[in-house]
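Here is the structure we will look at.
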Amino acid sequence: MKFDPKKNTLARIEFVRQYAGWVKSAENKVWSRQQAKLIDSFMQNAKNFKLTPEKYLAMVKGR
Amino acid sequence: MRLCAGNQDASEFLLDSLMRCLAVCVHRRWVGNAQNYFFPNHSAVSFNRSSTPHHGQNPSASFAFWGAGGRGRTTSAMVQTVKLAEIILVTMEIRRGKNKMSVDGKVATELDCFVLDCAGIIEKTTPYVIVSGYVAIFFGRARGTEDIDMLIPRIKKDEFMKMHKNLAKEGYYFLNPEDAEGLYDMLANDKLGIRIAKKNTIIPNMEMKFVKDGFDDFSLRNRQEVVFGKNRVYLAPFEIQIPYKIRLSSEKDIEDAVYLWEISKDFIDRKAVAAFFRELKVRGDKYGIEV
């Protein structure tokens with residue numbers, strides 16, 4: 001099977017659209033609680049990166 | 001999602017909800033004709049906000065008088081609609097006042113806490129606006145970020161020194177190796193961003209820049225005060241964020257733009273969005289952003 005980047009982009013956008021629809025239909029405390037679990041786990045994970053400020057700045061340079 | 005404007009009264013709040021509720025019913029094809037469903041005996045009911053003759057009364061009274069056919073009477077259909085609107089008030093409410101929004105009940109993430117704390121210190125010296133990815137994340141986009149983009153006006157060196165001191169006092173440091181003078185030079189002369197994080201951490205960090213063009217200036221001048229709980233943060237308006245994200249054009253940025261559009265399309269100023277699309281020479285229609 002061949003990877004189709006255009007199809008992939010459209011599928012991702014469709015998911016974003018559906019997800020936004022769910023957020024709009026949910027109470028703030030419901031969607032935000034679920035989102036907090038996801039984001040807080042990203043933040044926890046970020047603490048495990050052994051990066052120095054120098055390495056990080058080199059990584060994001062030109063962004 | 002419920003976003004509430006802080007400066008609008010309850011009747012307008014309810015009427016807006018009713019109109020949105022009816023629109024949703026039609027959109028979802030729950031009923032063929034929402035007007036006939038809700039107001040079978042009233043031929044002249046309008047769902048336009050301008051047709052709310054008793055604006056300012058309490059919500060139920062305003063609603064009972066809403067529509068020419070049902071003047072002064074509350075029919076079972078009306079009661080049914082009010083009940084439905086009450087459900088909508090609880091489950092789906094997106095509203096915005098001029099430059100002010102509230103997101104009641106939002107649970108703060110660790111990222112939100114970082115932004116609130118850091119921005120709170122910066123705010124003692126200068127106004128600010130947060131732009132780009134964090135705006136989408138704040139309103140529910142399910143993704144993480146390592147940095148938050150903040151714009152501030154071009155402040156004087158002594159004001160920056162004061163901010164630098166305040167941040168250091170509260171346990172923040174700058175990832176860039178430059179001293180305070182060098183950091184100011186980066187901002188003012190090299191037009192570069194400088195990064196602020198909590199001591200002994202790298203992520204998350206706040207990338208701060210001076211406003212550099214008309215788009216940045218618009219974001220700062222028209223920043224939205226967003227209140228949730230006892231917290232307050234200033235975010236760039238949706239109207240510029242969506243076209244700007246499309247212009248950035250990475251997969252992540254386009255998804256952010258689509259997300260913001262879906263969240264805000266019921267209340268966004270479409271003319272302003274269209275104007276920014278023209279200014280930035282980009283189009284949103286191929287992503288379903290039809291203004």
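In the structure tokens, chains take the letters A, B, ... in the order shown, each chain's residues start at 1, and ligands count up from 1 in the order shown.
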#### Entry: Residue neighbourhood A:Ser32, 10 Å, only C-alpha atoms, exclusion window fewer than 3 positions, as a ChimeraX atom specification
/A:23,26-29,35-38 /B:1,105-109,138-142
### Task
Can you check which residues of chain B have any atom within 10 Å of chain A? Use only C-alpha atoms and format it as number ranges by chain.
B: 1-3, 88-94, 103-112, 137-146, 174-177, 192, 194-195, 197, 200-204, 251-252, 254-264, 286-288
### Message
If we count only C-alpha atoms and set the cut-off at 6 Å, which residues sit around B:Glu225, ignoring sequence neighbours fewer than 5 positions away in its own chain? Please answer as a PyMOL selection string.
### Response
chain B and resi 99-100+233-234
### Query
Got a sec: who's within 9 Å of stretch 270-277 of chain B, counting only C-alpha atoms, leaving out chain neighbours fewer than 5 positions off, as number ranges by chain?
B: 215, 238-244, 246-247, 265, 282-284, 290-291
Would you save the residues of that selection, restricted to C-alpha atoms, as a PDB file, in the first residue's frame?
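What follows is the written file again-v3.pdb:
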ATOM      1  CA  PHE B 215      -0.294  41.894  12.139  1.00  0.00           C
ATOM      2  CA  PHE B 238      -9.470  34.318  16.316  1.00  0.00           C
ATOM      3  CA  GLU B 239      -9.948  36.625  13.317  1.00  0.00           C
ATOM      4  CA  ILE B 240      -6.210  36.996  12.744  1.00  0.00           C
ATOM      5  CA  GLN B 241      -5.074  33.680  14.180  1.00  0.00           C
ATOM      6  CA  ILE B 242      -6.871  31.572  11.585  1.00  0.00           C
ATOM      7  CA  PRO B 243      -5.475  33.234   8.428  1.00  0.00           C
ATOM      8  CA  TYR B 244      -2.049  33.586  10.060  1.00  0.00           C
ATOM      9  CA  ILE B 246      -2.887  29.050   7.279  1.00  0.00           C
ATOM     10  CA  ARG B 247      -0.026  31.237   6.086  1.00  0.00           C
ATOM     11  CA  LYS B 265     -17.342  29.985  13.293  1.00  0.00           C
ATOM     12  CA  VAL B 282      -3.782  32.921   1.556  1.00  0.00           C
ATOM     13  CA  ARG B 283      -7.049  31.004   1.252  1.00  0.00           C
ATOM     14  CA  GLY B 284      -8.888  28.814   3.701  1.00  0.00           C
ATOM     15  CA  GLU B 290     -15.419  29.419   4.050  1.00  0.00           C
ATOM     16  CA  VAL B 291     -15.729  33.096   4.868  1.00  0.00           C
TER      17      VAL B 291
END
### Task
One decimal, Å: what's the distance from atom CA of B:Ile122 over to atom CA of B:Asn166, could you say?
8.0 Å
### Summary
What separates atom CA of B:Met101 and atom CA of B:Tyr134 is a distance of 16.0 Å
### Message
DSSP on the backbone, alpha helix (DSSP H) only: what residues of stretch 224-255 of chain B does that give? Format it as a PyMOL selection string.
### Response
chain B and resi 238-248+251-255
Could you dump the residues just selected with N, CA and C atoms as a PDB file, in the first residue's frame?
ATOM      1  N   PHE B 238      -9.326  35.405  17.295  1.00  0.00           N
ATOM      2  CA  PHE B 238      -9.470  34.318  16.316  1.00  0.00           C
ATOM      3  C   PHE B 238      -9.339  34.853  14.889  1.00  0.00           C
ATOM      4  N   GLU B 239      -9.851  36.074  14.672  1.00  0.00           N
ATOM      5  CA  GLU B 239      -9.948  36.625  13.317  1.00  0.00           C
ATOM      6  C   GLU B 239      -8.594  36.683  12.613  1.00  0.00           C
ATOM      7  N   ILE B 240      -7.534  36.944  13.379  1.00  0.00           N
ATOM      8  CA  ILE B 240      -6.210  36.996  12.744  1.00  0.00           C
ATOM      9  C   ILE B 240      -5.483  35.657  12.880  1.00  0.00           C
ATOM     10  N   GLN B 241      -5.775  34.947  13.949  1.00  0.00           N
ATOM     11  CA  GLN B 241      -5.074  33.680  14.180  1.00  0.00           C
ATOM     12  C   GLN B 241      -5.302  32.667  13.056  1.00  0.00           C
ATOM     13  N   ILE B 242      -6.533  32.597  12.585  1.00  0.00           N
ATOM     14  CA  ILE B 242      -6.871  31.572  11.585  1.00  0.00           C
ATOM     15  C   ILE B 242      -6.125  31.814  10.264  1.00  0.00           C
ATOM     16  N   PRO B 243      -6.246  33.016   9.659  1.00  0.00           N
ATOM     17  CA  PRO B 243      -5.475  33.234   8.428  1.00  0.00           C
ATOM     18  C   PRO B 243      -3.959  33.131   8.649  1.00  0.00           C
ATOM     19  N   TYR B 244      -3.492  33.606   9.798  1.00  0.00           N
ATOM     20  CA  TYR B 244      -2.049  33.586  10.060  1.00  0.00           C
ATOM     21  C   TYR B 244      -1.534  32.152  10.128  1.00  0.00           C
ATOM     22  N   LYS B 245      -2.312  31.304  10.757  1.00  0.00           N
ATOM     23  CA  LYS B 245      -1.931  29.884  10.867  1.00  0.00           C
ATOM     24  C   LYS B 245      -1.909  29.227   9.481  1.00  0.00           C
ATOM     25  N   ILE B 246      -2.871  29.605   8.640  1.00  0.00           N
ATOM     26  CA  ILE B 246      -2.887  29.050   7.279  1.00  0.00           C
ATOM     27  C   ILE B 246      -1.623  29.489   6.547  1.00  0.00           C
ATOM     28  N   ARG B 247      -1.230  30.749   6.773  1.00  0.00           N
ATOM     29  CA  ARG B 247      -0.026  31.237   6.086  1.00  0.00           C
ATOM     30  C   ARG B 247       1.225  30.488   6.550  1.00  0.00           C
ATOM     31  N   LEU B 248       1.273  30.149   7.831  1.00  0.00           N
ATOM     32  CA  LEU B 248       2.448  29.414   8.332  1.00  0.00           C
ATOM     33  C   LEU B 248       2.568  28.057   7.629  1.00  0.00           C
ATOM     34  N   GLU B 251       1.635  21.333   8.631  1.00  0.00           N
ATOM     35  CA  GLU B 251       0.463  20.489   8.910  1.00  0.00           C
ATOM     36  C   GLU B 251      -0.175  20.880  10.251  1.00  0.00           C
ATOM     37  N   LYS B 252       0.680  21.069  11.243  1.00  0.00           N
ATOM     38  CA  LYS B 252       0.213  21.428  12.585  1.00  0.00           C
ATOM     39  C   LYS B 252      -0.520  22.775  12.572  1.00  0.00           C
ATOM     40  N   ASP B 253       0.034  23.741  11.840  1.00  0.00           N
ATOM     41  CA  ASP B 253      -0.572  25.077  11.792  1.00  0.00           C
ATOM     42  C   ASP B 253      -1.925  25.052  11.087  1.00  0.00           C
ATOM     43  N   ILE B 254      -2.010  24.287  10.010  1.00  0.00           N
ATOM     44  CA  ILE B 254      -3.287  24.206   9.287  1.00  0.00           C
ATOM     45  C   ILE B 254      -4.335  23.518  10.165  1.00  0.00           C
ATOM     46  N   GLU B 255      -3.923  22.502  10.866  1.00  0.00           N
ATOM     47  CA  GLU B 255      -4.874  21.830  11.774  1.00  0.00           C
ATOM     48  C   GLU B 255      -5.327  22.778  12.889  1.00  0.00           C
TER      49      GLU B 255
END
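Rounded to one decimal, atom CA of B:Asp213 and atom CA of B:Val115 lie 23.9 Å from each other.
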### Task
Just the strand (DSSP E or B) stuff from stretch 87-230 of chain B, please, per backbone DSSP, written as a ChimeraX atom specification.
/B:93-94,97,100-102,129-131,147-152,172-174,194-198,205-210,224-228
#### Entry: Counting only C-alpha atoms, the option among B:Glu181, B:Ser250, B:Tyr128, B:Tyr173 closest to B:Ser219
B:Tyr128
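Shell of B:Val211 at 10 Å, with only C-alpha atoms counted and residues fewer than 5 places along the chain excluded, is Tyr128, Val129, Met150, Leu151, Ile152, Pro153, Arg154, Leu187, Ala188, Lys191, Asp216, Asp217, Phe218, Ser219 and Leu220 of chain B.
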